[in-house]
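Single-structure report; data block below.
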Amino acid sequence: MFDYCIVGAGLFGSVFAYEASQKGKKCLVLEKRNHIGGNCYTKELENINVHSYGAHIFRTSDEKIWNFMKQFCEFNHFINSPLANYKGTIYNLPFNMNTFSKLWGISTPQEAQNIITKQKALIQKEPENLEEQALSLVGKDVYEKFIKGYTQKQWGRACKDLPKSIIRRIPVRFTYDNNYFNDPYQGIPKGGYTKIFEKLLRQSEVRLNTDFLRHKKDFEKISRKIIFTGTIDSYFEYQFGALEYRSLEFKEELLDTPNYQGVAVVNFTDENTPYTRIIEHKHFEFGTQEKTIISKEYPKAWSQDIEPYYPINDEANQALYEKYKALAQKEHKLIFGGRLGEYKYYDMTDTIASALKLCERELV
Ligand code: FAD
Ligand code: UDP
């Protein structure tokens, strides 16, 4: 008999499995993919750690979480400074004085502020959607070159039909600072993410290529409790209807050149380029290999047979999620967690925080 059957060997499931094992609990971890690590998984190809499910840059403002992670890896000094490629011209991200200087030929913060204040004034009311939110934060020029096309590609909807919360995280700065994140702690684990998961799961029994939902009854019989980190609507057989997700396709290429784009991440912000980003993996770890591996990220409509990468947290989906959540609360043996189980646009730090919070409640 297992104390916990943990569905999903991603970050939430693995952090929980680690903490539970430390407390002497017997854990069975089921994973339907053929590897551990969920979307944080990295694999080594040509001596390069490839982020198979898109760029994963660890950052946090919480010292406790930084210290938690450092038990399992050593972080390098990578700082994410992505570029935007708009119709062949390169700009710095996030929106800062380097971007504004190239965009308007200006050099001082005051000049940039004057332009943005004038453009922002076009939106007088409280923003109700992503388009209004962007216009009220950065004005028309930045919105049209860097946000409109990218966002429509990424989400498959017009910006005015998207919740404003999606762009809560893009900083706007009046300094020449290209660090995409504000958090004080940031880095890439030396040697990739998968090694972290090997350590987190060392004391658990892990079964890969195993879909819990296909053998639900059997696993329920051999476990006292279930921690489910897949999609909450799939667990309940979509009985109220399916929640919406956005998917992606990652196309990897091995190139016979040592340096393809000179930076880890380039965003293609026009609406016609079919992909949103190109990742050049070696730059996450300052690689000097002779070859390079890049991935192009193509946004994709989601259906039940492909990976649900992003929850779409608009009002309709949120209301539907609340119905599933109410159903979940009636099940005493069952706990939902993580980006899919909680239907939240969690970064790694949020996922770890949520898993550790559950540990505090559950592992007394
Ligand atoms: P997941 O990683 O999705 O793990 C869930 C696991 O459950 C999966 O492996 C899945 O196969 C398995 N599973 C589902 N259903 C079943 C079933 N029925 N039976 C068995 N197994 C099942 N965060 C950052 O902090 N920095 C970043 O730069 C960053 N970049 C990102 C880029 C992309 C493209 C994406 C999609 C996410 C990014 N994130 C980033 C977020 C990060 O990936 C998540 O916070 C984290 O991976 C969530 O962990 P999780 O365990 O909740 O989910
Ligand atoms: N975004 C944008 N232009 C960019 C980068 C981001 O318009 O160059 C918007 C877009 O709507 C995206 C959101 O900001 O979905 C969040 O972007 P981020 O890169 O932080 O999210 P991720 O996809 O890595 O989770």
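Here, A, B, ... name the chains of the structure tokens in the order displayed, residue numbers run from 1 inside each chain, and ligands are numbered from 1 in the same displayed order.
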Contact table stretch 41-119 of chain A vs stretch 190-211 of chain A, cut-off 10 Å, shortest pair per residue, only C-alpha atoms, as a Markdown table:
| residue | atom | partner | partner_atom | distance |
| --- | --- | --- | --- | --- |
| A:Tyr41 | CA | A:Thr194 | CA | 5.4 |
| A:Thr42 | CA | A:Thr194 | CA | 5.6 |
| A:Lys43 | CA | A:Thr194 | CA | 7.4 |
| A:Glu44 | CA | A:Gly192 | CA | 8.3 |
| A:Asn47 | CA | A:Gly191 | CA | 9.9 |
| A:Ile48 | CA | A:Gly191 | CA | 8.9 |
| A:Asn49 | CA | A:Gly192 | CA | 5.8 |
| A:Val50 | CA | A:Gly192 | CA | 8.0 |
| A:His51 | CA | A:Gly192 | CA | 8.1 |
| A:His56 | CA | A:Tyr193 | CA | 8.8 |
| A:Phe58 | CA | A:Tyr193 | CA | 9.9 |
| A:Met69 | CA | A:Ile196 | CA | 8.3 |
| A:Lys70 | CA | A:Ile196 | CA | 9.5 |
| A:Gln71 | CA | A:Ile196 | CA | 9.0 |
| A:Phe72 | CA | A:Ile196 | CA | 5.4 |
| A:Cys73 | CA | A:Ile196 | CA | 6.3 |
| A:Glu74 | CA | A:Lys190 | CA | 5.8 |
| A:Phe75 | CA | A:Lys190 | CA | 5.7 |
| A:Asn76 | CA | A:Lys190 | CA | 5.9 |
| A:His77 | CA | A:Lys190 | CA | 9.6 |
Would you mind exporting the chosen residues as a tab-separated table (two decimals), in the first residue's frame, restricted to N, CA, C and O atoms?
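Heads up, here's the output in result_8.tsv:
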chain	number	residue	atom	x	y	z
A	41	TYR	N	11.64	19.49	-18.20
A	41	TYR	CA	12.59	18.47	-18.68
A	41	TYR	C	13.63	19.04	-19.64
A	41	TYR	O	13.30	19.78	-20.56
A	42	THR	N	14.90	18.66	-19.41
A	42	THR	CA	15.96	18.98	-20.39
A	42	THR	C	16.64	17.67	-20.79
A	42	THR	O	16.75	16.74	-19.99
A	43	LYS	N	17.09	17.62	-22.05
A	43	LYS	CA	17.83	16.43	-22.51
A	43	LYS	C	19.14	16.88	-23.14
A	43	LYS	O	19.24	18.00	-23.67
A	44	GLU	N	20.12	16.00	-23.06
A	44	GLU	CA	21.44	16.37	-23.59
A	44	GLU	C	21.58	15.88	-25.03
A	44	GLU	O	21.42	14.71	-25.32
A	47	ASN	N	26.06	17.50	-26.54
A	47	ASN	CA	26.68	18.14	-25.38
A	47	ASN	C	26.00	19.46	-24.96
A	47	ASN	O	26.60	20.29	-24.29
A	48	ILE	N	24.77	19.63	-25.43
A	48	ILE	CA	24.02	20.85	-25.09
A	48	ILE	C	22.77	20.41	-24.32
A	48	ILE	O	22.10	19.45	-24.72
A	49	ASN	N	22.44	21.10	-23.23
A	49	ASN	CA	21.18	20.78	-22.52
A	49	ASN	C	20.03	21.50	-23.21
A	49	ASN	O	19.94	22.72	-23.18
A	50	VAL	N	19.16	20.69	-23.82
A	50	VAL	CA	18.06	21.24	-24.61
A	50	VAL	C	16.81	21.32	-23.73
A	50	VAL	O	16.41	20.33	-23.11
A	51	HIS	N	16.20	22.49	-23.68
A	51	HIS	CA	14.94	22.67	-22.93
A	51	HIS	C	13.81	22.20	-23.86
A	51	HIS	O	13.33	22.96	-24.69
A	56	HIS	N	13.24	27.49	-20.03
A	56	HIS	CA	12.89	27.50	-18.61
A	56	HIS	C	13.98	28.22	-17.82
A	56	HIS	O	15.06	27.68	-17.60
A	58	PHE	N	14.87	29.89	-14.35
A	58	PHE	CA	14.40	29.90	-12.96
A	58	PHE	C	14.61	31.27	-12.34
A	58	PHE	O	15.68	31.86	-12.45
A	69	MET	N	15.62	25.07	-3.87
A	69	MET	CA	16.15	24.57	-5.16
A	69	MET	C	17.65	24.29	-5.08
A	69	MET	O	18.14	23.35	-5.69
A	70	LYS	N	18.36	25.13	-4.34
A	70	LYS	CA	19.82	24.97	-4.28
A	70	LYS	C	20.27	23.69	-3.56
A	70	LYS	O	21.42	23.30	-3.64
A	71	GLN	N	19.32	23.01	-2.90
A	71	GLN	CA	19.66	21.69	-2.34
A	71	GLN	C	19.92	20.68	-3.46
A	71	GLN	O	20.55	19.67	-3.26
A	72	PHE	N	19.35	20.97	-4.65
A	72	PHE	CA	19.37	19.97	-5.72
A	72	PHE	C	20.21	20.36	-6.93
A	72	PHE	O	20.36	19.59	-7.87
A	73	CYS	N	20.68	21.61	-6.96
A	73	CYS	CA	21.46	22.04	-8.13
A	73	CYS	C	22.30	23.25	-7.78
A	73	CYS	O	22.10	23.89	-6.75
A	74	GLU	N	23.21	23.56	-8.70
A	74	GLU	CA	23.96	24.81	-8.58
A	74	GLU	C	23.48	25.70	-9.73
A	74	GLU	O	23.45	25.25	-10.89
A	75	PHE	N	23.08	26.92	-9.44
A	75	PHE	CA	22.62	27.81	-10.51
A	75	PHE	C	23.80	28.57	-11.11
A	75	PHE	O	24.72	28.97	-10.38
A	76	ASN	N	23.75	28.81	-12.43
A	76	ASN	CA	24.76	29.67	-13.04
A	76	ASN	C	24.30	31.13	-12.97
A	76	ASN	O	23.27	31.44	-12.37
A	77	HIS	N	25.03	32.02	-13.62
A	77	HIS	CA	24.71	33.45	-13.50
A	77	HIS	C	23.93	33.98	-14.71
A	77	HIS	O	23.97	35.16	-15.00
key: Near-ligand residues for ligand 1, threshold 8 Å, only C-alpha atoms and all ligand atoms, as a ChimeraX atom specification   = /A:7-14,30-33,35-40,53-60,209-214,228-231,234-235,248,308-310,337-341,345-351
Residues from last step as file, C-alpha atoms, as a CSV table (one decimal), in the first residue's frame:
chain,number,residue,atom,x,y,z
A,7,VAL,CA,0.1,11.6,-10.8
A,8,GLY,CA,2.6,13.5,-12.9
A,9,ALA,CA,6.4,13.6,-12.5
A,10,GLY,CA,6.5,17.4,-13.1
A,11,LEU,CA,7.7,20.0,-10.6
A,12,PHE,CA,4.6,19.9,-8.4
A,13,GLY,CA,4.5,16.1,-8.1
A,14,SER,CA,8.2,15.7,-7.7
A,30,LEU,CA,3.0,7.9,-12.3
A,31,GLU,CA,4.0,9.7,-15.5
A,32,LYS,CA,2.3,9.3,-18.8
A,33,ARG,CA,5.3,10.7,-20.8
A,35,HIS,CA,10.5,10.9,-18.9
A,36,ILE,CA,10.4,12.7,-15.6
A,37,GLY,CA,10.5,16.5,-15.2
A,38,GLY,CA,7.2,17.6,-16.8
A,39,ASN,CA,7.7,20.7,-18.9
A,40,CYS,CA,10.9,21.5,-17.1
A,53,TYR,CA,9.4,22.3,-23.7
A,54,GLY,CA,10.6,25.8,-24.2
A,55,ALA,CA,13.0,28.1,-22.4
A,56,HIS,CA,12.9,27.5,-18.6
A,57,ILE,CA,14.6,30.3,-16.7
A,58,PHE,CA,14.4,29.9,-13.0
A,59,ARG,CA,13.7,33.0,-11.0
A,60,THR,CA,12.2,33.9,-7.7
A,209,ASN,CA,4.6,5.6,-19.8
A,210,THR,CA,1.7,5.2,-17.4
A,211,ASP,CA,-1.6,7.1,-17.7
A,212,PHE,CA,-3.3,7.1,-14.4
A,213,LEU,CA,-6.7,7.7,-16.0
A,214,ARG,CA,-6.5,4.4,-17.9
A,228,PHE,CA,-3.3,14.7,-9.3
A,229,THR,CA,-1.2,17.2,-11.3
A,230,GLY,CA,-2.9,16.5,-14.7
A,231,THR,CA,-5.8,18.6,-16.0
A,234,SER,CA,-9.8,15.2,-17.6
A,235,TYR,CA,-10.0,13.6,-14.1
A,248,LEU,CA,2.6,24.8,-28.7
A,308,PRO,CA,-2.1,21.6,-22.7
A,309,TYR,CA,0.7,24.1,-22.0
A,310,TYR,CA,-1.2,27.2,-21.0
A,337,GLY,CA,-2.1,20.6,-7.6
A,338,GLY,CA,0.2,22.4,-10.1
A,339,ARG,CA,-0.4,24.4,-13.3
A,340,LEU,CA,-2.9,22.0,-14.7
A,341,GLY,CA,-4.5,20.7,-11.5
A,345,TYR,CA,-0.5,30.2,-15.1
A,346,TYR,CA,2.2,29.2,-12.6
A,347,ASP,CA,5.9,29.9,-13.1
A,348,MET,CA,8.3,27.4,-11.4
A,349,THR,CA,8.5,29.4,-8.2
A,350,ASP,CA,4.7,29.5,-7.9
A,351,THR,CA,4.5,25.8,-8.5
task = Let me have all residues with an atom within 10 Å of ligand 2, counting only C-alpha atoms and all ligand atoms, laid out as a VMD selection string.
result = chain A and resid 54 to 57 82 to 86 91 to 95 130 to 131 134 142 to 155 159 162 to 171 180 to 181 265 to 270 276 to 277 309 to 310 345 to 347
ask   = Using only C-alpha atoms, which residue out of A:Gln113, A:Asp183, A:Tyr343, A:Asn129 lies closest to A:Glu63?
value =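 Smallest separation from A:Glu63 among the options: A:Asp183.
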message = Residues near A:Gln289, anyone? I mean within 9 Å using only C-alpha atoms, not counting same-chain ones fewer than 3 positions away, as a list in words.
response = Glu46, Asn47, Ile48, Pro258, Asn259, Lys282 and Thr292 of chain A
Keeping only N, CA, C and O atoms, take the residues you just selected and write them out as a PDB file, in the first residue's frame.
ATOM      1  N   GLU A  46      24.263  16.615 -28.433  1.00  0.00           N
ATOM      2  CA  GLU A  46      25.488  17.303 -28.880  1.00  0.00           C
ATOM      3  C   GLU A  46      26.152  18.075 -27.737  1.00  0.00           C
ATOM      4  O   GLU A  46      26.633  19.188 -27.911  1.00  0.00           O
ATOM      5  N   ASN A  47      26.065  17.497 -26.540  1.00  0.00           N
ATOM      6  CA  ASN A  47      26.683  18.136 -25.376  1.00  0.00           C
ATOM      7  C   ASN A  47      26.003  19.458 -24.963  1.00  0.00           C
ATOM      8  O   ASN A  47      26.602  20.294 -24.291  1.00  0.00           O
ATOM      9  N   ILE A  48      24.773  19.633 -25.429  1.00  0.00           N
ATOM     10  CA  ILE A  48      24.018  20.851 -25.090  1.00  0.00           C
ATOM     11  C   ILE A  48      22.767  20.412 -24.325  1.00  0.00           C
ATOM     12  O   ILE A  48      22.104  19.447 -24.723  1.00  0.00           O
ATOM     13  N   PRO A 258      28.555  27.537 -34.753  1.00  0.00           N
ATOM     14  CA  PRO A 258      28.710  27.624 -33.288  1.00  0.00           C
ATOM     15  C   PRO A 258      27.770  28.634 -32.637  1.00  0.00           C
ATOM     16  O   PRO A 258      27.520  28.565 -31.437  1.00  0.00           O
ATOM     17  N   ASN A 259      27.236  29.590 -33.398  1.00  0.00           N
ATOM     18  CA  ASN A 259      26.457  30.659 -32.763  1.00  0.00           C
ATOM     19  C   ASN A 259      25.430  31.200 -33.764  1.00  0.00           C
ATOM     20  O   ASN A 259      25.775  31.943 -34.675  1.00  0.00           O
ATOM     21  N   LYS A 282      22.259  26.534 -26.204  1.00  0.00           N
ATOM     22  CA  LYS A 282      23.609  26.573 -25.612  1.00  0.00           C
ATOM     23  C   LYS A 282      23.846  27.856 -24.809  1.00  0.00           C
ATOM     24  O   LYS A 282      24.604  27.859 -23.852  1.00  0.00           O
ATOM     25  N   THR A 292      25.184  23.981 -32.860  1.00  0.00           N
ATOM     26  CA  THR A 292      24.178  24.602 -31.993  1.00  0.00           C
ATOM     27  C   THR A 292      22.813  23.953 -32.228  1.00  0.00           C
ATOM     28  O   THR A 292      22.586  23.352 -33.289  1.00  0.00           O
TER      29      THR A 292
END
